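Asks: The structure under discussion is supplied below as structure tokens; questions concerning it will follow.
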Amino acid sequence: MPPDIQKKLVEERLEKSAAIEYKLVTKKTSSEEGHEDKLPESQRSLSDKLKEDLVLKPIIAFLNSIGRQSALLVLGVETKGTLAVDTVPFPVDLLSEDKIRGWVNNYFGSLPEIPASPKLKIVQVDYPHDKRVIIIEVNPLEEVVYFSKLENRCYVRRSAESIDLPLVDFYAMVETQSIPLTYLRIESHPEGKTEEGILKKFRLSALFVNRGSRPAKDVVSTISIGARNCDAGRVTFVVDKSHFTDISEFNPGHLRTYQIKSADILYPGINTLIDRISVGLPTGGVLTVMSRTCDSAGMSRQYWEMNDSGAIVEMHTDHRRWGQAKSAKEEPSGRETSSAGANGIPSGPANSPPGSHD
């Protein structure tokens with residue numbers, strides 16, 4: 001794999017651009033991670049600056065770029081101007097995937113605020129003598145504006161550079177990107193057992209949630225329910241017909257499909273509860289719930305699984321703004337790894353806005 005990276009980036013003369021950035025990582029960038037509390041203030045500040053320059057700044061700039069295209073940050077490459085001239089692997093203890101994800105989780109902010117971290121695909125390419133190069137594919141998650149809480153700055157990508165975004169431009173971008181982001185929250189509540197414990201009964205309720213910064217109009221969701229690891233024919237349903245419209249005949253691939261609507265405009269921070277579906281699930285079975293929630297601005301797709309104890313887990317979420325070419329996916333854990341291709345390059349408390357820049 002290391003020779004493949006050398007060939008792809010250096011021999012093919014792949015230049016820095018609006019979607020590619022290279023960073024050289026050397027021992028000078030080490031500030032004894034994990035022992036910063038023992039260092040002088042000047043060195044702790046230097047450590048923060050290096051986190052910002054190496055990782056936070058280029059990733060945020062990519063996320064805020066016009067077009068929201070996928071981009072690559074390659075750590076461990078020497079450049080001359082915009083041209084990659086050599087791969088320079090660095091000691092593995094200087095930088096790792098876990099450190100990078102920790103910095104992103106701790107220091108990234110966004111407006112409007114969203115709960116998930118940006119989608120990153122990180123590949124660590126190991127070299128002899130405990131050295132490595134790290135490749136990060138950056139994929140925009142939502143139509144939001146990102147900033148660094150570490151340095152209180154916002155960045156955008158312009159040509160082959162990541163540049164500071166002035167405060168007035170930051171707020172203008174937030175205004176442009178602010179949209180409603182509607183999702184469902186599915187909750188499960190035990191209701192006892194039937195048929196001598198063969199079926200376990202649960203009440204499912206749906207909650208419309210607007211995570212965006214604008215009111216959502218015309219909100220409607222389609223919920224499809226299936227089952228596995230059990231006799232699906234034994235799964236029972238009792239629904240509140242005043243809230244749930246049965247449209248199962250249009251979706252024979254699932255046991256039941258229901259449509260629900262939000263009666264009023266859905267405002268950010270004000271959720272709407274839709275109750276209820278009673279489900280009888282055979283012992284050992286797993287209930288699957290898939291939803292598509294649409295509003296005037298876009299569509300969210302979600303997937304949950306619930307076991308026979310009633311524990312329901314959201315497995316997948318993505319959101320697409322109308323007019324986007326494809327969905328920007330997110331994982332609830334905020335973590336994703338990706339295997340590399342043949343050439344070693346991968347095929348993904350409330351925030352405060354940044355202040356003025358020095």
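Ordering of the structure tokens sets the chain letters (A, B, ...); residue numbers start at 1 within each chain; ligands are numbered from 1 in the order shown.
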Residues of stretch 42-253 of chain A classed as helix (DSSP H, G or I) by DSSP on the backbone are to be reported as JSON, numbers by chain.
Replies: {"A": [42, 43, 44, 45, 46, 47, 48, 49, 50, 51, 52, 53, 54, 55, 56, 57, 58, 59, 60, 61, 62, 63, 97, 98, 99, 100, 101, 102, 103, 104, 105, 106, 107, 167, 168, 169, 170, 171, 172, 173, 174, 175, 176, 177, 195, 196, 197, 232, 233, 234, 248, 249, 250]}
Asks: Export, as an mmCIF file, in the first residue's frame, the selected residues with C-alpha atoms.
Replies:
data_model
loop_
_atom_site.group_PDB
_atom_site.id
_atom_site.type_symbol
_atom_site.label_atom_id
_atom_site.label_comp_id
_atom_site.auth_asym_id
_atom_site.auth_seq_id
_atom_site.Cartn_x
_atom_site.Cartn_y
_atom_site.Cartn_z
ATOM 1 C CA SER A 42 3.163 28.476 25.861
ATOM 2 C CA GLN A 43 3.551 24.833 24.827
ATOM 3 C CA ARG A 44 -0.095 24.029 25.549
ATOM 4 C CA SER A 45 -1.084 26.913 23.264
ATOM 5 C CA LEU A 46 1.266 25.581 20.616
ATOM 6 C CA SER A 47 -0.363 22.163 20.905
ATOM 7 C CA ASP A 48 -3.803 23.696 20.320
ATOM 8 C CA LYS A 49 -2.486 25.651 17.349
ATOM 9 C CA LEU A 50 -1.101 22.484 15.782
ATOM 10 C CA LYS A 51 -4.383 20.608 16.257
ATOM 11 C CA GLU A 52 -6.075 23.522 14.538
ATOM 12 C CA ASP A 53 -3.627 23.836 11.638
ATOM 13 C CA LEU A 54 -3.132 20.118 10.949
ATOM 14 C CA VAL A 55 -6.661 18.782 11.322
ATOM 15 C CA LEU A 56 -9.443 21.163 12.361
ATOM 16 C CA LYS A 57 -8.836 24.001 9.927
ATOM 17 C CA PRO A 58 -8.611 21.954 6.692
ATOM 18 C CA ILE A 59 -11.568 19.702 7.583
ATOM 19 C CA ILE A 60 -13.803 22.631 8.540
ATOM 20 C CA ALA A 61 -12.785 24.479 5.377
ATOM 21 C CA PHE A 62 -13.726 21.456 3.258
ATOM 22 C CA LEU A 63 -17.080 21.115 5.015
ATOM 23 C CA GLU A 97 -7.461 7.998 13.989
ATOM 24 C CA ASP A 98 -8.675 8.039 17.607
ATOM 25 C CA LYS A 99 -6.961 11.376 18.290
ATOM 26 C CA ILE A 100 -8.412 12.923 15.147
ATOM 27 C CA ARG A 101 -11.950 11.747 15.931
ATOM 28 C CA GLY A 102 -11.568 12.966 19.501
ATOM 29 C CA TRP A 103 -10.561 16.438 18.324
ATOM 30 C CA VAL A 104 -13.458 16.567 15.859
ATOM 31 C CA ASN A 105 -15.974 15.469 18.506
ATOM 32 C CA ASN A 106 -14.644 17.925 21.105
ATOM 33 C CA TYR A 107 -13.829 21.002 19.030
ATOM 34 C CA LEU A 167 -17.558 37.191 11.067
ATOM 35 C CA VAL A 168 -19.964 39.063 8.774
ATOM 36 C CA ASP A 169 -19.511 36.405 6.062
ATOM 37 C CA PHE A 170 -19.982 33.634 8.633
ATOM 38 C CA TYR A 171 -23.403 34.920 9.618
ATOM 39 C CA ALA A 172 -24.321 35.475 5.972
ATOM 40 C CA MET A 173 -23.448 31.826 5.263
ATOM 41 C CA VAL A 174 -25.454 30.639 8.268
ATOM 42 C CA GLU A 175 -28.445 32.597 7.000
ATOM 43 C CA THR A 176 -28.091 31.055 3.551
ATOM 44 C CA GLN A 177 -27.701 27.492 4.835
ATOM 45 C CA GLU A 195 -50.199 -16.072 25.213
ATOM 46 C CA GLU A 196 -48.197 -17.330 28.183
ATOM 47 C CA GLY A 197 -45.222 -15.159 27.377
ATOM 48 C CA ALA A 232 -43.300 -12.630 11.209
ATOM 49 C CA GLY A 233 -46.867 -13.892 10.804
ATOM 50 C CA ARG A 234 -47.241 -13.871 14.591
ATOM 51 C CA SER A 248 -49.442 -1.298 3.751
ATOM 52 C CA GLU A 249 -51.003 -2.258 0.415
ATOM 53 C CA PHE A 250 -48.533 0.082 -1.325
#
Asks: DSSP says strand (DSSP E or B) for which residues of stretch 263-319 of chain A? Put them as a short mmCIF file (atom, residue, chain, number, x, y, z; two decimals) with C-alpha atoms, in the first residue's frame?
Replies:
data_model
loop_
_atom_site.label_atom_id
_atom_site.label_comp_id
_atom_site.auth_asym_id
_atom_site.auth_seq_id
_atom_site.Cartn_x
_atom_site.Cartn_y
_atom_site.Cartn_z
CA LEU A 266 -43.03 22.30 13.24
CA THR A 272 -44.84 16.95 18.25
CA LEU A 273 -45.81 13.59 19.75
CA ILE A 274 -47.77 11.10 17.65
CA ASP A 275 -49.14 8.16 19.68
CA ARG A 276 -49.49 5.15 19.29
CA ILE A 277 -48.82 1.70 17.73
CA SER A 278 -49.16 -1.38 19.97
CA VAL A 279 -46.99 -4.27 18.76
CA GLY A 280 -46.91 -7.90 19.86
CA LEU A 281 -43.44 -9.36 19.16
CA PRO A 282 -42.61 -13.08 19.49
CA VAL A 286 -36.27 -8.25 16.33
CA LEU A 287 -38.57 -5.49 15.13
CA THR A 288 -37.25 -3.27 12.30
CA VAL A 289 -38.56 0.24 11.72
CA MET A 290 -37.71 2.38 8.71
CA SER A 291 -38.96 5.92 8.16
CA ARG A 292 -38.89 8.62 5.50
CA THR A 293 -39.75 12.07 6.83
CA CYS A 294 -40.34 14.87 4.33
CA GLY A 298 -35.79 18.00 2.33
CA MET A 299 -36.11 14.38 3.44
CA SER A 300 -34.66 12.35 6.32
CA ARG A 301 -34.31 8.57 6.24
CA GLN A 302 -33.90 6.59 9.46
CA TYR A 303 -33.68 2.96 10.55
CA TRP A 304 -34.19 1.43 14.02
CA GLU A 305 -34.09 -2.07 15.50
CA MET A 306 -35.90 -3.20 18.67
CA ILE A 312 -34.80 0.33 20.49
CA VAL A 313 -31.62 1.56 18.79
CA GLU A 314 -31.29 3.98 15.87
CA MET A 315 -28.99 2.24 13.40
CA HIS A 316 -28.85 4.77 10.57
CA THR A 317 -29.84 8.34 9.72
CA ASP A 318 -29.32 10.53 6.67
CA HIS A 319 -30.78 13.77 5.39
#
Asks: So the first atom is atom CA of A:Pro268 and the second is atom CA of A:Lys149; what is the distance between them in Å, to one decimal place?
Replies: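 Spanning atom CA of A:Pro268 to atom CA of A:Lys149 is a straight-line distance of 22.9 Å.
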Asks: Env of A:Asp164: 8 Å cut, atoms = only C-alpha atoms, seq-sep filter 3 positions within chain, self excluded. Answer as a ChimeraX atom specification.
Replies: /A:153-156,357
Asks: Store the residues of this selection in a file with C-alpha atoms, as an mmCIF file, in the first residue's frame.
Replies:
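Generated file (selection-v4.cif):
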data_model
loop_
_atom_site.group_PDB
_atom_site.id
_atom_site.type_symbol
_atom_site.label_atom_id
_atom_site.label_comp_id
_atom_site.auth_asym_id
_atom_site.auth_seq_id
_atom_site.Cartn_x
_atom_site.Cartn_y
_atom_site.Cartn_z
ATOM 1 C CA ARG A 153 -12.787 30.561 14.068
ATOM 2 C CA CYS A 154 -14.564 29.558 10.892
ATOM 3 C CA TYR A 155 -12.842 28.517 7.655
ATOM 4 C CA VAL A 156 -13.695 27.980 3.993
ATOM 5 C CA HIS A 357 -10.637 37.071 14.146
#
Asks: So which one's closest to A:Arg320, A:Pro89, A:Gly285, A:Pro140, A:Gly226? Using only C-alpha atoms, please.
Replies: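 Using only C-alpha atoms, the shortest distance to A:Arg320 belongs to A:Pro140.
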Asks: What does the structure give for the distance between atom CA of A:Val239 and atom CA of A:Asn210, in Å to one decimal?
Replies: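 Computed distance, atom CA of A:Val239 to atom CA of A:Asn210, equals 24.4 Å.
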Asks: Find the spatial neighbours of A:His189, counting only C-alpha atoms, within a cut-off of 8 Å - ignore same-chain residues fewer than 6 positions away - and output them as a list in words.
Replies: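 The residues satisfying every condition are Phe202, Arg203, Leu204 and Gly310 of chain A.
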Asks: Please produce a file of those selected residues containing N, CA and C atoms, as a PDB file, in the first residue's frame.
Replies:
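Below is the file that was written, selection_37.pdb:
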ATOM      1  N   PHE A 202     -45.530  -4.114  23.190  1.00  0.00           N
ATOM      2  CA  PHE A 202     -44.876  -2.817  23.351  1.00  0.00           C
ATOM      3  C   PHE A 202     -45.729  -1.737  22.696  1.00  0.00           C
ATOM      4  N   ARG A 203     -45.636  -0.540  23.232  1.00  0.00           N
ATOM      5  CA  ARG A 203     -46.262   0.630  22.613  1.00  0.00           C
ATOM      6  C   ARG A 203     -45.187   1.473  21.963  1.00  0.00           C
ATOM      7  N   LEU A 204     -45.327   1.731  20.677  1.00  0.00           N
ATOM      8  CA  LEU A 204     -44.398   2.589  19.949  1.00  0.00           C
ATOM      9  C   LEU A 204     -45.031   3.957  19.750  1.00  0.00           C
ATOM     10  N   GLY A 310     -37.489  -4.672  24.389  1.00  0.00           N
ATOM     11  CA  GLY A 310     -38.017  -3.327  24.183  1.00  0.00           C
ATOM     12  C   GLY A 310     -36.958  -2.284  23.938  1.00  0.00           C
TER      13      GLY A 310
END
